[in-house]
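What follows is a single structure, written as structure tokens, with notes after it.
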Amino acid sequence: EAGVTQFPSHSVIEKGQTVTLRCDPISGHDNLYWYRRVMGKEIKFLLHFVKESKQDESGMPNNRFLAERTGGTYSTLKVQPAELEDSGVYFCASSQDFPTSGGFEYEQYFGPGTRLTVT
Amino acid sequence: AQKITQTQPGMFVQEKEAVTLDCTYDTSDPSYGLFWYKQPSSGEMIFLIYQGSYDQQNATEGRYSLNFQKARKSANLVISASQLGDSAMYFCAMREESGANSKLTFGKGITLSVRP
């Protein structure tokens with residue numbers, strides 16, 4: 001079974017440019033999450049999709065960030081225009097079911113991350 | 001608001017010895033789950049172990065065990081018989097499980113270095 005994949009693995013862009021990150025979850029996983037880790041800080045939640053719907057987008061930092069999940073499959077996270085403080089590692093994770101009863105079987109499987117550098 | 005605290009500086013352990021990585025948490029939700037993830041230098045996040053707030057026994061997964069002390073709100077990870085491949089960053093995380101929110105809240109992480 002293929003794991004969560006993310007593209008690109010690295011991206012270096014200039015301030016003011018646009019970047020689009022892609023995440024392909026594990027096949028059959030309805031839940032898709034985006035997280036971000038800024039250097040030296042905690043990994044922070046950005047948003048959560050259930051299929052194609054945004055379940056929780058409370059972590060999105062501002063309206064320069066736009067996430068989509070067309071058809072409930074892969075997801076994209078667009079940053080437009082990028083700022084210096086957007087630099088960090090963007091992780092995507094997926095899980096197979098809604099953890100109403102908890103348990104590790106609802107663990108979130110993480111992708112390798114996209115390292116974004118804004119110069 | 002939920003919070004995870006990992007305050008240890010970089011940790012060092014001799015190969016084959018045991019090491020404890022500290023994690024304390026804060027939440028008002030009576031139902032929650034605690035996770036540990038490993039992030040090696042290659043960057044991927046690897047799930048290690050899970051402890052539910054209502055679990056009566058401490059979780060164990062191979063060489064990993066979780067020392068869960070609910071009253072103290074601590075969930076320390078114990079790695080027994082350390083191996084060189086255990087050198088990595090370790091993140092403690094929590095998920096509140098009473099409501100519809102399933103996001104993970106992470107600590108800052110701890111760097112573990114295993115010496116030969």
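Every chain in the structure tokens takes a letter, A first, then B, and so on in the order presented; its residues are numbered from 1, and the ligands are numbered from 1 following the presented order.
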
For chain B against chain A, with a cut-off of 12 Å and counting only C-alpha atoms, what is the closest atom pair and its distance in Å to one decimal for every residue that makes the cut, ordered by chain and number, as CSV?
```
residue,atom,partner,partner_atom,distance
B:Lys3,CA,A:Glu42,CA,10.6
B:Ile4,CA,A:Glu42,CA,9.3
B:Thr5,CA,A:Glu42,CA,9.8
B:Gln6,CA,A:Glu42,CA,9.9
B:Thr7,CA,A:Glu42,CA,11.9
B:Ser31,CA,A:Gly102,CA,8.6
B:Tyr32,CA,A:Gly102,CA,7.6
B:Gly33,CA,A:Gly102,CA,6.8
B:Leu34,CA,A:Phe104,CA,9.4
B:Phe35,CA,A:Phe104,CA,8.4
B:Trp36,CA,A:Glu107,CA,10.8
B:Tyr37,CA,A:Phe110,CA,9.8
B:Lys38,CA,A:Phe110,CA,11.0
B:Gln39,CA,A:Pro112,CA,9.5
B:Pro40,CA,A:Pro112,CA,10.5
B:Ser41,CA,A:Pro112,CA,10.8
B:Ser42,CA,A:Pro112,CA,8.0
B:Gly43,CA,A:Pro112,CA,5.7
B:Glu44,CA,A:Pro112,CA,4.2
B:Met45,CA,A:Phe110,CA,5.7
B:Ile46,CA,A:Phe110,CA,7.3
B:Phe47,CA,A:Tyr109,CA,7.4
B:Leu48,CA,A:Phe104,CA,9.8
B:Ile49,CA,A:Phe104,CA,7.7
B:Tyr50,CA,A:Phe104,CA,5.7
B:Gln51,CA,A:Gly103,CA,7.9
B:Gly52,CA,A:Gly103,CA,6.6
B:Ser53,CA,A:Gly102,CA,9.5
B:Tyr54,CA,A:Gly102,CA,10.2
B:Asp55,CA,A:Gly103,CA,9.9
B:Ala59,CA,A:Phe104,CA,10.7
B:Glu61,CA,A:Phe104,CA,11.6
B:Met89,CA,A:Gly40,CA,11.7
B:Tyr90,CA,A:Glu42,CA,11.6
B:Phe91,CA,A:Ile43,CA,8.9
B:Cys92,CA,A:Glu42,CA,10.2
B:Ala93,CA,A:Ile43,CA,9.4
B:Met94,CA,A:Glu107,CA,11.2
B:Arg95,CA,A:Gly102,CA,8.7
B:Glu96,CA,A:Gly102,CA,8.8
B:Glu97,CA,A:Gly102,CA,6.1
B:Ser98,CA,A:Thr100,CA,7.4
B:Gly99,CA,A:Thr100,CA,7.7
B:Ala100,CA,A:Thr100,CA,7.5
B:Asn101,CA,A:Asp56,CA,7.5
B:Ser102,CA,A:Pro99,CA,6.8
B:Lys103,CA,A:Phe45,CA,6.7
B:Leu104,CA,A:Phe45,CA,6.9
B:Thr105,CA,A:Lys44,CA,6.9
B:Phe106,CA,A:Ile43,CA,5.7
B:Gly107,CA,A:Glu42,CA,5.5
B:Lys108,CA,A:Glu42,CA,4.3
B:Gly109,CA,A:Glu42,CA,7.3
B:Ile110,CA,A:Gly40,CA,10.8
B:Thr111,CA,A:Gly40,CA,11.5
```

task = Please provide the set of residues having any atom within 12 Å of Thr119 (chain A), restricted to only C-alpha atoms, with same-chain residues fewer than 6 positions apart removed, written as a PyMOL selection string.
result = chain A and resi 11-17+82-88

Exercise: Asp30 (chain A) partners within 6 Å, only C-alpha atoms, chain neighbours under 5 positions left out, as a PDB file with C-alpha atoms, in the first residue's frame:
```
ATOM      1  CA  VAL A  50     -13.304  15.096   5.269  1.00  0.00           C
ATOM      2  CA  LYS A  51     -13.588  13.969   1.674  1.00  0.00           C
ATOM      3  CA  GLN A  96      -9.034   6.186   7.303  1.00  0.00           C
TER       4      GLN A  96
END
```

Do a neighbour search on Gln69 (chain B) at 10 Å with only C-alpha atoms, toss out local chain neighbours closer than 6 positions, and write the hits as an mmCIF file with N, CA and C atoms, in the first residue's frame.
```cif
data_model
loop_
_atom_site.group_PDB
_atom_site.id
_atom_site.type_symbol
_atom_site.label_atom_id
_atom_site.label_comp_id
_atom_site.auth_asym_id
_atom_site.auth_seq_id
_atom_site.Cartn_x
_atom_site.Cartn_y
_atom_site.Cartn_z
ATOM 1 N N THR B 24 4.612 16.525 28.851
ATOM 2 C CA THR B 24 3.460 16.861 29.674
ATOM 3 C C THR B 24 2.415 17.519 28.787
ATOM 4 N N SER B 53 -6.816 8.088 26.915
ATOM 5 C CA SER B 53 -6.944 8.621 28.271
ATOM 6 C C SER B 53 -7.668 7.662 29.208
ATOM 7 N N ASN B 58 -0.467 1.038 30.663
ATOM 8 C CA ASN B 58 0.453 1.791 29.829
ATOM 9 C C ASN B 58 0.646 1.071 28.496
ATOM 10 N N ALA B 75 3.125 11.961 29.830
ATOM 11 C CA ALA B 75 3.082 10.816 28.909
ATOM 12 C C ALA B 75 4.487 10.606 28.357
ATOM 13 N N ASN B 76 5.371 10.158 29.203
ATOM 14 C CA ASN B 76 6.773 10.020 28.807
ATOM 15 C C ASN B 76 6.982 8.768 27.960
#
```

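Non-sequential neighbours of Val19 (chain A) (distance at most 7 Å, separation of 6 or more positions within a chain, only C-alpha atoms) are Lys78, Val79 and Gln80 of chain A.
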
message = Could you tell me how far CA of Asp24 (chain A) sits from CA of Gln6 (chain A), in Å to one decimal place?
response = 6.3 Å

inquiry  = Considering only strand (DSSP E or B) as DSSP defines it on the backbone, what residues of chain B qualify? List them as a count of residues only.
reply    = 59
